[in-house]
>>> print(open('start-v1.cif').read())   # mmCIF, C-alpha atoms
data_data
#
loop_
_atom_site.label_atom_id
_atom_site.label_comp_id
_atom_site.auth_asym_id
_atom_site.auth_seq_id
_atom_site.Cartn_x
_atom_site.Cartn_y
_atom_site.Cartn_z
CA MET A 1 72.21 9.76 62.14
CA ASN A 2 73.65 11.55 65.19
CA ASP A 3 75.54 14.03 62.98
CA ASN A 4 72.40 14.73 61.01
CA ARG A 5 70.41 15.23 64.17
CA GLN A 6 72.92 17.73 65.47
CA GLU A 7 72.77 19.61 62.19
CA ARG A 8 69.00 19.58 62.25
CA GLN A 9 68.88 20.83 65.82
CA ARG A 10 71.17 23.68 64.89
CA ALA A 11 68.90 24.47 61.94
CA VAL A 12 65.64 24.61 63.88
CA ARG A 13 66.69 25.61 67.40
CA VAL A 14 65.86 29.23 68.02
CA VAL A 15 68.21 31.44 69.91
CA LEU A 16 66.08 33.31 72.41
CA GLY A 17 67.53 35.89 74.69
CA LEU A 18 67.90 39.21 72.96
CA ALA A 19 68.29 41.63 75.81
CA LEU A 20 66.10 44.14 74.00
CA ILE A 21 63.00 42.17 75.00
CA LEU A 22 62.19 42.59 78.66
CA PRO A 23 60.31 39.80 80.44
CA LEU A 24 57.16 40.28 82.41
CA ILE A 25 58.24 41.49 85.79
CA GLY A 26 56.84 42.21 89.19
CA CYS A 27 57.99 43.94 92.33
CA ALA A 28 61.26 42.16 93.12
CA VAL A 29 61.10 39.72 90.22
CA PRO A 30 60.02 36.28 91.49
CA GLU A 31 62.55 33.52 91.11
CA ALA A 32 61.45 30.26 89.58
CA ALA A 33 59.47 28.33 92.10
CA VAL A 34 58.02 25.01 92.67
CA TYR A 35 56.60 22.18 94.02
CA ALA A 36 56.89 18.56 93.37
CA ASP A 37 56.29 16.04 96.03
CA ARG A 38 59.32 13.98 95.08
CA GLY A 39 60.43 13.50 98.66
CA ALA A 40 57.05 12.20 99.79
CA GLU A 41 57.79 8.71 98.55
CA THR A 42 61.18 8.42 100.22
CA GLN A 43 62.00 7.55 103.77
CA ASP A 44 62.87 10.47 106.06
CA SER A 45 66.62 9.88 106.10
CA VAL A 46 68.87 10.96 108.93
CA LEU A 47 71.44 13.34 107.44
CA ALA A 48 73.36 14.14 110.59
CA VAL A 49 73.37 13.56 114.32
CA VAL A 50 74.11 16.34 116.80
CA GLY A 51 74.37 15.60 120.50
CA GLY A 52 72.49 12.39 119.96
CA VAL A 53 69.65 14.15 118.13
CA ASP A 54 68.92 13.33 114.50
CA VAL A 55 68.88 15.95 111.74
CA THR A 56 66.38 14.54 109.28
CA GLU A 57 65.94 15.13 105.57
CA SER A 58 62.43 16.53 106.11
CA GLU A 59 63.78 19.02 108.64
CA VAL A 60 66.40 20.24 106.19
CA ALA A 61 63.85 20.30 103.37
CA ASP A 62 61.58 22.55 105.43
CA LEU A 63 64.47 24.94 106.08
CA MET A 64 65.59 25.02 102.44
CA ALA A 65 62.12 24.76 100.87
CA SER A 66 62.38 27.73 98.52
CA GLN A 67 65.81 26.76 97.15
CA LEU A 68 64.81 23.12 96.73
CA MET A 69 61.68 24.16 94.88
CA ARG A 70 63.77 26.24 92.52
CA VAL A 71 65.96 23.22 91.76
CA GLU A 72 62.87 21.08 91.21
CA GLN A 73 61.43 23.62 88.79
CA GLU A 74 64.68 23.77 86.88
CA ARG A 75 64.70 19.97 86.63
CA TYR A 76 61.12 19.93 85.36
CA ASP A 77 61.82 22.67 82.81
CA LEU A 78 64.84 20.80 81.48
CA LEU A 79 62.90 17.56 81.17
CA LYS A 80 60.07 19.33 79.36
CA GLN A 81 62.51 21.07 77.04
CA GLY A 82 64.12 17.73 76.26
CA VAL A 83 60.77 16.08 75.58
CA GLU A 84 59.77 18.85 73.21
CA GLN A 85 63.07 18.65 71.34
CA ILE A 86 62.94 14.88 70.94
CA VAL A 87 59.31 15.02 69.82
CA ALA A 88 60.17 17.66 67.20
CA ASP A 89 63.17 15.64 66.00
CA ARG A 90 61.17 12.45 65.59
CA LEU A 91 58.26 14.15 63.86
CA MET A 92 60.59 15.75 61.36
CA GLU A 93 62.34 12.44 60.75
CA LEU A 94 58.97 10.82 60.02
CA GLU A 95 57.89 13.59 57.64
CA ALA A 96 61.24 13.73 55.86
CA LYS A 97 61.18 9.97 55.35
CA LYS A 98 57.62 10.17 54.03
CA ARG A 99 58.65 12.81 51.47
CA GLY A 100 61.87 11.05 50.57
CA ILE A 101 64.04 14.02 51.52
CA SER A 102 66.48 14.88 54.29
CA VAL A 103 65.44 16.68 57.44
CA GLU A 104 67.58 19.64 56.40
CA GLU A 105 65.64 19.84 53.12
CA LEU A 106 62.37 19.67 55.04
CA VAL A 107 63.45 22.58 57.23
CA ALA A 108 64.52 24.54 54.18
CA GLN A 109 61.14 24.01 52.51
CA GLU A 110 58.82 24.46 55.47
CA VAL A 111 60.69 26.92 57.68
CA GLU A 112 63.38 28.88 55.89
CA ALA A 113 61.45 29.34 52.63
CA LYS A 114 58.41 30.64 54.49
CA VAL A 115 60.28 33.30 56.47
CA SER A 116 60.93 36.70 54.96
CA GLU A 117 63.67 39.11 55.99
CA PRO A 118 62.49 41.96 58.23
CA THR A 119 62.00 45.24 56.42
CA GLU A 120 63.59 48.51 57.47
CA ALA A 121 60.15 49.73 58.51
CA GLU A 122 59.69 46.73 60.81
CA VAL A 123 63.12 47.25 62.37
CA ASP A 124 62.33 50.94 62.90
CA ALA A 125 58.95 50.14 64.47
CA PHE A 126 60.53 47.61 66.82
CA TYR A 127 63.13 50.13 67.92
CA GLU A 128 60.65 52.98 68.41
CA GLU A 129 58.42 50.85 70.64
CA ARG A 130 61.35 49.91 72.90
CA LYS A 131 63.88 52.72 72.64
CA ASP A 132 63.32 53.82 76.23
CA ARG A 133 64.49 50.38 77.35
CA ILE A 134 67.17 49.83 74.72
CA ARG A 135 68.92 53.14 75.45
CA GLN A 136 71.34 52.76 72.56
CA PRO A 137 71.38 54.53 69.18
CA LYS A 138 69.40 52.64 66.58
CA GLU A 139 72.46 52.30 64.37
CA GLU A 140 74.22 50.25 67.05
CA VAL A 141 71.44 47.72 67.49
CA THR A 142 69.90 47.48 64.02
CA GLY A 143 71.67 44.20 63.29
CA GLN A 144 70.57 42.69 66.59
CA ILE A 145 66.99 43.74 66.01
CA ARG A 146 66.97 42.31 62.49
CA ASP A 147 68.42 39.01 63.74
CA HIS A 148 65.89 38.86 66.54
CA LEU A 149 62.93 39.48 64.24
CA LEU A 150 64.19 36.85 61.81
CA ARG A 151 64.66 34.28 64.56
CA GLU A 152 61.24 35.11 65.93
CA ARG A 153 59.73 34.35 62.53
CA GLN A 154 61.71 31.15 62.26
CA THR A 155 60.38 30.16 65.67
CA GLY A 156 56.83 30.72 64.49
CA ALA A 157 57.30 28.81 61.26
CA ASN A 158 59.01 25.95 63.07
CA ALA A 159 56.25 25.83 65.71
CA THR A 160 53.61 25.77 62.99
CA LEU A 161 55.33 22.89 61.24
CA VAL A 162 55.70 20.88 64.46
CA ALA A 163 52.04 21.51 65.39
CA GLU A 164 50.91 20.25 61.99
CA LEU A 165 53.09 17.16 62.27
CA LYS A 166 51.75 16.42 65.76
CA SER A 167 48.27 16.42 64.29
CA ASP A 168 49.30 14.26 61.34
CA TYR A 169 51.27 11.61 63.23
CA GLY A 170 49.66 11.72 66.66
CA TYR A 171 51.01 13.25 69.83
CA GLU A 172 50.24 12.97 73.52
CA PHE A 173 52.06 14.96 76.19
CA ARG A 174 52.05 12.99 79.45
CA MET A 175 54.20 15.07 81.77
CA GLN A 176 52.08 16.29 84.65
CA PRO A 177 52.42 19.94 85.65
CA LEU A 178 54.28 20.73 88.82
CA ARG A 179 51.92 21.88 91.54
CA ALA A 180 52.46 23.60 94.85
CA VAL A 181 50.30 22.81 97.82
CA VAL A 182 49.01 26.27 98.70
CA ALA A 183 46.25 26.72 101.27
CA SER A 184 43.20 28.58 99.98
CA ALA A 185 40.55 28.10 102.66
CA GLY A 186 39.87 30.89 105.12
CA PHE A 187 41.37 33.73 103.07
CA PRO A 188 39.60 36.56 101.21
CA ALA A 189 38.14 35.11 98.05
CA LYS A 190 35.57 35.55 95.32
CA GLY A 191 34.03 32.90 93.16
CA PRO A 192 32.37 29.59 94.11
CA GLU A 193 34.15 27.37 96.62
CA ASN A 194 33.62 24.39 94.32
CA ALA A 195 34.98 26.13 91.21
CA PRO A 196 37.21 23.83 89.13
CA ILE A 197 39.90 26.54 88.96
CA THR A 198 41.37 28.10 92.08
CA ILE A 199 43.79 30.98 91.63
CA VAL A 200 45.78 31.89 94.72
CA GLU A 201 47.39 35.31 94.35
CA PHE A 202 50.19 36.57 96.59
CA SER A 203 50.15 40.34 96.29
CA ASP A 204 51.37 43.66 97.67
CA PHE A 205 49.04 46.67 97.70
CA GLU A 206 51.92 49.06 97.07
CA CYS A 207 53.39 47.10 94.16
CA PRO A 208 52.58 48.78 90.81
CA TYR A 209 52.80 45.48 88.94
CA CYS A 210 50.13 44.02 91.22
CA ALA A 211 47.82 46.86 90.20
CA ARG A 212 48.60 46.30 86.52
CA VAL A 213 47.55 42.66 86.63
CA ASN A 214 44.06 43.39 87.97
CA PRO A 215 42.56 44.06 84.50
CA SER A 216 43.79 40.61 83.43
CA LEU A 217 42.05 39.04 86.42
CA GLU A 218 38.86 40.95 85.66
CA GLN A 219 39.00 39.60 82.12
CA VAL A 220 39.41 36.07 83.52
CA PHE A 221 36.21 36.42 85.53
CA LYS A 222 34.41 37.93 82.56
CA LYS A 223 35.23 34.90 80.41
CA TYR A 224 35.20 32.01 82.89
CA GLY A 225 32.66 33.22 85.46
CA ASP A 226 31.81 30.63 88.09
CA GLN A 227 34.51 28.28 86.87
CA VAL A 228 37.11 30.37 88.70
CA ARG A 229 37.72 31.22 92.35
CA LEU A 230 40.32 33.88 93.25
CA VAL A 231 41.96 33.71 96.67
CA PHE A 232 43.99 36.69 97.87
CA ARG A 233 46.99 36.23 100.15
CA GLN A 234 49.30 38.90 101.49
CA PHE A 235 52.92 39.36 100.47
CA PRO A 236 53.95 42.91 101.46
CA LEU A 237 57.55 43.55 100.44
CA ASN A 238 59.90 45.36 102.79
CA ILE A 239 60.84 47.76 99.99
CA HIS A 240 57.33 49.26 100.28
CA ALA A 241 56.93 51.37 103.41
CA ASN A 242 53.13 51.20 103.55
CA ALA A 243 52.54 47.67 102.30
CA GLN A 244 52.36 45.97 105.72
CA LYS A 245 49.68 48.29 107.12
CA ALA A 246 47.81 48.21 103.82
CA ALA A 247 47.71 44.43 104.06
CA GLU A 248 46.40 44.67 107.63
CA ALA A 249 43.83 47.24 106.50
CA SER A 250 42.44 44.84 103.90
CA LEU A 251 41.89 42.22 106.59
CA CYS A 252 40.30 44.76 108.90
CA ALA A 253 37.93 45.56 106.03
CA GLN A 254 37.33 41.83 105.62
CA GLU A 255 35.87 41.82 109.14
CA GLN A 256 33.11 44.04 107.79
CA GLU A 257 32.79 42.10 104.52
CA LYS A 258 34.39 44.92 102.57
CA PHE A 259 37.67 43.30 101.58
CA TRP A 260 37.28 43.66 97.82
CA GLU A 261 36.04 47.23 98.09
CA MET A 262 39.14 48.14 100.12
CA HIS A 263 41.29 46.05 97.76
CA ASP A 264 40.08 48.04 94.76
CA ALA A 265 40.39 51.40 96.51
CA MET A 266 43.98 50.78 97.61
CA PHE A 267 45.11 49.59 94.21
CA LYS A 268 43.52 52.61 92.55
CA GLU A 269 45.23 54.98 95.00
CA GLN A 270 48.60 53.37 95.63
CA ARG A 271 50.26 56.68 96.43
CA SER A 272 48.01 57.23 99.45
CA LEU A 273 48.42 54.20 101.68
CA GLY A 274 49.50 55.86 104.94
CA VAL A 275 47.57 54.88 108.05
CA GLU A 276 45.41 58.01 108.10
CA GLN A 277 44.72 57.65 104.40
CA LEU A 278 43.70 54.03 104.92
CA LYS A 279 41.27 55.15 107.59
CA GLU A 280 39.86 57.78 105.25
CA LYS A 281 39.31 55.14 102.57
CA ALA A 282 37.48 52.90 105.05
CA ALA A 283 35.17 55.73 106.05
CA ARG A 284 34.53 56.61 102.41
CA LEU A 285 33.60 52.99 101.71
CA GLY A 286 31.00 53.04 104.49
CA LEU A 287 32.85 50.87 107.01
CA ASP A 288 32.29 51.32 110.74
CA ALA A 289 35.13 53.81 111.24
CA ALA A 290 35.62 53.19 114.95
CA ALA A 291 35.82 49.43 114.54
CA PHE A 292 38.12 49.68 111.53
CA ASN A 293 40.44 52.20 113.21
CA GLU A 294 40.71 50.09 116.35
CA CYS A 295 41.53 47.04 114.26
CA LEU A 296 44.22 48.83 112.27
CA ASP A 297 45.78 50.64 115.25
CA SER A 298 45.97 47.43 117.28
CA SER A 299 47.79 45.56 114.48
CA ARG A 300 45.29 42.76 114.98
CA TYR A 301 46.21 41.09 111.69
CA ALA A 302 49.95 41.70 111.71
CA ASP A 303 50.66 38.07 112.56
CA ALA A 304 48.26 36.85 109.87
CA VAL A 305 50.12 38.92 107.27
CA VAL A 306 53.45 37.50 108.43
CA ALA A 307 51.99 34.00 108.21
CA ASP A 308 51.02 34.65 104.58
CA LEU A 309 54.53 35.90 103.85
CA GLN A 310 56.01 32.74 105.33
CA ALA A 311 53.59 30.53 103.41
CA GLY A 312 54.43 32.28 100.16
CA SER A 313 58.16 32.02 100.77
CA ALA A 314 57.77 28.30 101.49
CA VAL A 315 56.41 27.71 97.98
CA GLY A 316 59.03 29.85 96.29
CA VAL A 317 57.45 33.31 96.13
CA THR A 318 60.07 36.04 96.27
CA GLY A 319 58.19 38.88 94.58
CA THR A 320 54.77 40.08 93.56
CA PRO A 321 52.40 39.38 92.02
CA ALA A 322 52.68 35.61 92.16
CA PHE A 323 49.93 33.20 91.12
CA PHE A 324 49.17 29.55 91.73
CA ILE A 325 46.51 28.27 89.33
CA ASN A 326 45.43 24.93 90.76
CA GLY A 327 48.91 24.92 92.25
CA ARG A 328 50.73 25.83 89.01
CA PHE A 329 53.08 28.76 89.51
CA LEU A 330 53.09 31.90 87.38
CA SER A 331 55.22 34.87 88.34
CA GLY A 332 54.93 38.54 87.52
CA ALA A 333 52.27 40.77 86.00
CA GLN A 334 50.89 38.17 83.65
CA PRO A 335 48.75 39.19 80.65
CA TYR A 336 45.31 37.70 80.30
CA ASP A 337 46.46 35.25 77.60
CA ALA A 338 49.03 33.67 79.93
CA LEU A 339 46.44 33.15 82.67
CA ALA A 340 43.85 31.87 80.21
CA LYS A 341 46.30 29.37 78.72
CA VAL A 342 46.82 27.64 82.07
CA ILE A 343 43.11 27.82 82.92
CA ASP A 344 42.18 26.24 79.59
CA GLU A 345 44.74 23.47 80.14
CA GLU A 346 43.34 22.79 83.60
CA LEU A 347 39.76 22.69 82.36
CA ALA A 348 40.76 20.36 79.53
CA MET A 349 42.55 18.00 81.93
CA ARG A 350 39.53 18.01 84.21
CA LYS A 351 37.28 17.16 81.27
CA GLU A 352 39.55 14.33 80.16
CA GLY A 353 39.61 12.92 83.69
CA SER A 354 35.84 13.00 84.13
#
>>> encode(input="start-v1.cif", output="structure tokens")
Amino acid sequence: MNDNRQERQRAVRVVLGLALILPLIGCAVPEAAVYADRGAETQDSVLAVVGGVDVTESEVADLMASQLMRVEQERYDLLKQGVEQIVADRLMELEAKKRGISVEELVAQEVEAKVSEPTEAEVDAFYEERKDRIRQPKEEVTGQIRDHLLRERQTGANATLVAELKSDYGYEFRMQPLRAVVASAGFPAKGPENAPITIVEFSDFECPYCARVNPSLEQVFKKYGDQVRLVFRQFPLNIHANAQKAAEASLCAQEQEKFWEMHDAMFKEQRSLGVEQLKEKAARLGLDAAAFNECLDSSRYADAVVADLQAGSAVGVTGTPAFFINGRFLSGAQPYDALAKVIDEELAMRKEGS
């Protein structure tokens, strides 16, 4: 049985990782982050003693929060991957037994037989869409592209089979999502305070990827309306010369209840975020210019911006944009479908729990 399982896993496991496909990215690509409260149930152990003073586990955990969160996320991802593989294995065993065939024969019938070889036209189209990123002659990567397209189709056929078998035999996923504890009260926001979905966004006004994600967020509000609340928190990166003052400017605008107007103006004009240009935007938006200018020149909100940076770093944010949907972390300029998937899962869980 173990030998057969290994053969089956080799038959259905998809090799992902073709370097021709670039992942969603942001400004300074966020590392994996996360959040479990695994240490909450354990006693605060003393890990060292210096000059008669204890060094406690919680003290070390606070110092190393981002790195520990990354380890926790990796652990969760591995467990989830293992669950999914075991579930697929067992479902295929059940179906193969029902049909009186081997698992390998089942895979051949339901996966391999339903996948066609990529055509030359499909390989050419794939290359043309990505040639600026591939930067190699088509002749050198044609084989890789063909293999990738074939594996992609095998992935889809395998996923379809597993989904059908889950429906036929029954399936319940009980792993709870990892969630960060991210403060949302008291920050610029739109949407009802009692909305079932809270999205906390850490963003940088000078980051082009942060601007690109805004249409996805607009689409979220268009579909989900009052079910969603968006909270904006600052994460200006030091690679962007104007990001810090732009962040402060948004909070100065918040004083006059014009945060989102300034937010939109700065993202639309990311090449003009110098101090004088920020002041011009405020005046154009109808803010009290004297009050806004005094706020910006005094760096009144500099400490608040730094506090947001520290809070983001503590939950694993290392780049922008970064999202926490009811505490669930998503990194990079996510498309609408990725945001909607998590929102739908959260709404479904809320419905099941009611």
>>> residues_around(input="start-v1.cif", residues="Lys114 (chain A)", least_positions_apart="2", cutoff="12 Å", atoms="all atoms listed in the file", output="list of chain:residue names")
A:Leu106, A:Val107, A:Ala108, A:Gln109, A:Glu110, A:Val111, A:Glu112, A:Ser116, A:Glu117, A:Leu150, A:Arg153, A:Gln154, A:Thr155, A:Gly156, A:Ala157, A:Asn158, A:Thr160, A:Leu161
>>> write_last_selection(input="start-v1.cif", atoms="C-alpha atoms", output="PDB file, in the coordinates of the input")
ATOM      1  CA  LEU A 106      62.370  19.670  55.040  1.00  0.00           C
ATOM      2  CA  VAL A 107      63.450  22.580  57.230  1.00  0.00           C
ATOM      3  CA  ALA A 108      64.520  24.540  54.180  1.00  0.00           C
ATOM      4  CA  GLN A 109      61.140  24.010  52.510  1.00  0.00           C
ATOM      5  CA  GLU A 110      58.820  24.460  55.470  1.00  0.00           C
ATOM      6  CA  VAL A 111      60.690  26.920  57.680  1.00  0.00           C
ATOM      7  CA  GLU A 112      63.380  28.880  55.890  1.00  0.00           C
ATOM      8  CA  SER A 116      60.930  36.700  54.960  1.00  0.00           C
ATOM      9  CA  GLU A 117      63.670  39.110  55.990  1.00  0.00           C
ATOM     10  CA  LEU A 150      64.190  36.850  61.810  1.00  0.00           C
ATOM     11  CA  ARG A 153      59.730  34.350  62.530  1.00  0.00           C
ATOM     12  CA  GLN A 154      61.710  31.150  62.260  1.00  0.00           C
ATOM     13  CA  THR A 155      60.380  30.160  65.670  1.00  0.00           C
ATOM     14  CA  GLY A 156      56.830  30.720  64.490  1.00  0.00           C
ATOM     15  CA  ALA A 157      57.300  28.810  61.260  1.00  0.00           C
ATOM     16  CA  ASN A 158      59.010  25.950  63.070  1.00  0.00           C
ATOM     17  CA  THR A 160      53.610  25.770  62.990  1.00  0.00           C
ATOM     18  CA  LEU A 161      55.330  22.890  61.240  1.00  0.00           C
TER      19      LEU A 161
END
>>> closest_residue(input="start-v1.cif", among="A:Val228, A:Leu296, A:Leu287, A:Met349", to="Arg174 (chain A)", atoms="only C-alpha atoms")
A:Met349
>>> closest_residue(input="start-v1.cif", among="A:Ala113, A:Cys295, A:Val83, A:Ile199", to="Met175 (chain A)", atoms="all atoms listed in the file")
A:Val83
>>> residues_near_point(input="start-v1.cif", point="(42.6, 56.5, 104.7)", cutoff="12 Å", atoms="all atoms listed in the file", output="NGL selection string")
:A and (242 or 245-246 or 249-250 or 253 or 262 or 265-266 or 269-285 or 287 or 289 or 292-293 or 296)
>>> write_last_selection(input="start-v1.cif", atoms="C-alpha atoms", output="PDB file, in the coordinates of the input")
ATOM      1  CA  ASN A 242      53.130  51.200 103.550  1.00  0.00           C
ATOM      2  CA  LYS A 245      49.680  48.290 107.120  1.00  0.00           C
ATOM      3  CA  ALA A 246      47.810  48.210 103.820  1.00  0.00           C
ATOM      4  CA  ALA A 249      43.830  47.240 106.500  1.00  0.00           C
ATOM      5  CA  SER A 250      42.440  44.840 103.900  1.00  0.00           C
ATOM      6  CA  ALA A 253      37.930  45.560 106.030  1.00  0.00           C
ATOM      7  CA  MET A 262      39.140  48.140 100.120  1.00  0.00           C
ATOM      8  CA  ALA A 265      40.390  51.400  96.510  1.00  0.00           C
ATOM      9  CA  MET A 266      43.980  50.780  97.610  1.00  0.00           C
ATOM     10  CA  GLU A 269      45.230  54.980  95.000  1.00  0.00           C
ATOM     11  CA  GLN A 270      48.600  53.370  95.630  1.00  0.00           C
ATOM     12  CA  ARG A 271      50.260  56.680  96.430  1.00  0.00           C
ATOM     13  CA  SER A 272      48.010  57.230  99.450  1.00  0.00           C
ATOM     14  CA  LEU A 273      48.420  54.200 101.680  1.00  0.00           C
ATOM     15  CA  GLY A 274      49.500  55.860 104.940  1.00  0.00           C
ATOM     16  CA  VAL A 275      47.570  54.880 108.050  1.00  0.00           C
ATOM     17  CA  GLU A 276      45.410  58.010 108.100  1.00  0.00           C
ATOM     18  CA  GLN A 277      44.720  57.650 104.400  1.00  0.00           C
ATOM     19  CA  LEU A 278      43.700  54.030 104.920  1.00  0.00           C
ATOM     20  CA  LYS A 279      41.270  55.150 107.590  1.00  0.00           C
ATOM     21  CA  GLU A 280      39.860  57.780 105.250  1.00  0.00           C
ATOM     22  CA  LYS A 281      39.310  55.140 102.570  1.00  0.00           C
ATOM     23  CA  ALA A 282      37.480  52.900 105.050  1.00  0.00           C
ATOM     24  CA  ALA A 283      35.170  55.730 106.050  1.00  0.00           C
ATOM     25  CA  ARG A 284      34.530  56.610 102.410  1.00  0.00           C
ATOM     26  CA  LEU A 285      33.600  52.990 101.710  1.00  0.00           C
ATOM     27  CA  LEU A 287      32.850  50.870 107.010  1.00  0.00           C
ATOM     28  CA  ALA A 289      35.130  53.810 111.240  1.00  0.00           C
ATOM     29  CA  PHE A 292      38.120  49.680 111.530  1.00  0.00           C
ATOM     30  CA  ASN A 293      40.440  52.200 113.210  1.00  0.00           C
ATOM     31  CA  LEU A 296      44.220  48.830 112.270  1.00  0.00           C
TER      32      LEU A 296
END
>>> closest_residue(input="start-v1.cif", among="A:Phe324, A:Asp77, A:Tyr209, A:Leu237", to="Gln176 (chain A)", atoms="all atoms listed in the file")
A:Asp77
>>> residues_around(input="start-v1.cif", residues="Pro335 (chain A)", least_positions_apart="5", cutoff="12 Å", atoms="all atoms listed in the file", output="list in words")
Pro23, Leu24, Ile25, Tyr209, Cys210, Arg212, Val213, Asn214, Pro215, Ser216, Leu217, Glu218, Gln219, Val220, Pro321, Leu330, Ala340, Lys341 and Val342 of chain A
>>> write_last_selection(input="start-v1.cif", atoms="C-alpha atoms", output="PDB file, keeping the file's coordinate frame")
ATOM      1  CA  PRO A  23      60.310  39.800  80.440  1.00  0.00           C
ATOM      2  CA  LEU A  24      57.160  40.280  82.410  1.00  0.00           C
ATOM      3  CA  ILE A  25      58.240  41.490  85.790  1.00  0.00           C
ATOM      4  CA  TYR A 209      52.800  45.480  88.940  1.00  0.00           C
ATOM      5  CA  CYS A 210      50.130  44.020  91.220  1.00  0.00           C
ATOM      6  CA  ARG A 212      48.600  46.300  86.520  1.00  0.00           C
ATOM      7  CA  VAL A 213      47.550  42.660  86.630  1.00  0.00           C
ATOM      8  CA  ASN A 214      44.060  43.390  87.970  1.00  0.00           C
ATOM      9  CA  PRO A 215      42.560  44.060  84.500  1.00  0.00           C
ATOM     10  CA  SER A 216      43.790  40.610  83.430  1.00  0.00           C
ATOM     11  CA  LEU A 217      42.050  39.040  86.420  1.00  0.00           C
ATOM     12  CA  GLU A 218      38.860  40.950  85.660  1.00  0.00           C
ATOM     13  CA  GLN A 219      39.000  39.600  82.120  1.00  0.00           C
ATOM     14  CA  VAL A 220      39.410  36.070  83.520  1.00  0.00           C
ATOM     15  CA  PRO A 321      52.400  39.380  92.020  1.00  0.00           C
ATOM     16  CA  LEU A 330      53.090  31.900  87.380  1.00  0.00           C
ATOM     17  CA  ALA A 340      43.850  31.870  80.210  1.00  0.00           C
ATOM     18  CA  LYS A 341      46.300  29.370  78.720  1.00  0.00           C
ATOM     19  CA  VAL A 342      46.820  27.640  82.070  1.00  0.00           C
TER      20      VAL A 342
END
>>> atom_distance(input="start-v1.cif", atom1="CA of Ala159 (chain A)", atom2="CA of Ala338 (chain A)")
17.8 Å
>>> atom_distance(input="start-v1.cif", atom1="CA of Lys97 (chain A)", atom2="CA of Arg151 (chain A)")
26.2 Å
>>> closest_residue(input="start-v1.cif", among="A:Val49, A:Ile239, A:Ile197, A:Ile86", to="Asp226 (chain A)", atoms="all atoms listed in the file")
A:Ile197
>>> atom_distance(input="start-v1.cif", atom1="CA of Thr198 (chain A)", atom2="CA of Val231 (chain A)")
7.3 Å
>>> closest_residue(input="start-v1.cif", among="A:Asp297, A:Glu128, A:Glu206, A:Glu261", to="His240 (chain A)", atoms="only C-alpha atoms")
A:Glu206
>>> closest_residue(input="start-v1.cif", among="A:Arg300, A:Arg229, A:Arg133, A:Lys98", to="Leu165 (chain A)", atoms="all atoms listed in the file")
A:Lys98
>>> residues_near_point(input="start-v1.cif", point="(61.9, 45.8, 60.9)", cutoff="10 Å", atoms="only C-alpha atoms", output="ChimeraX atom specification")
/A:117-127,142,145-150
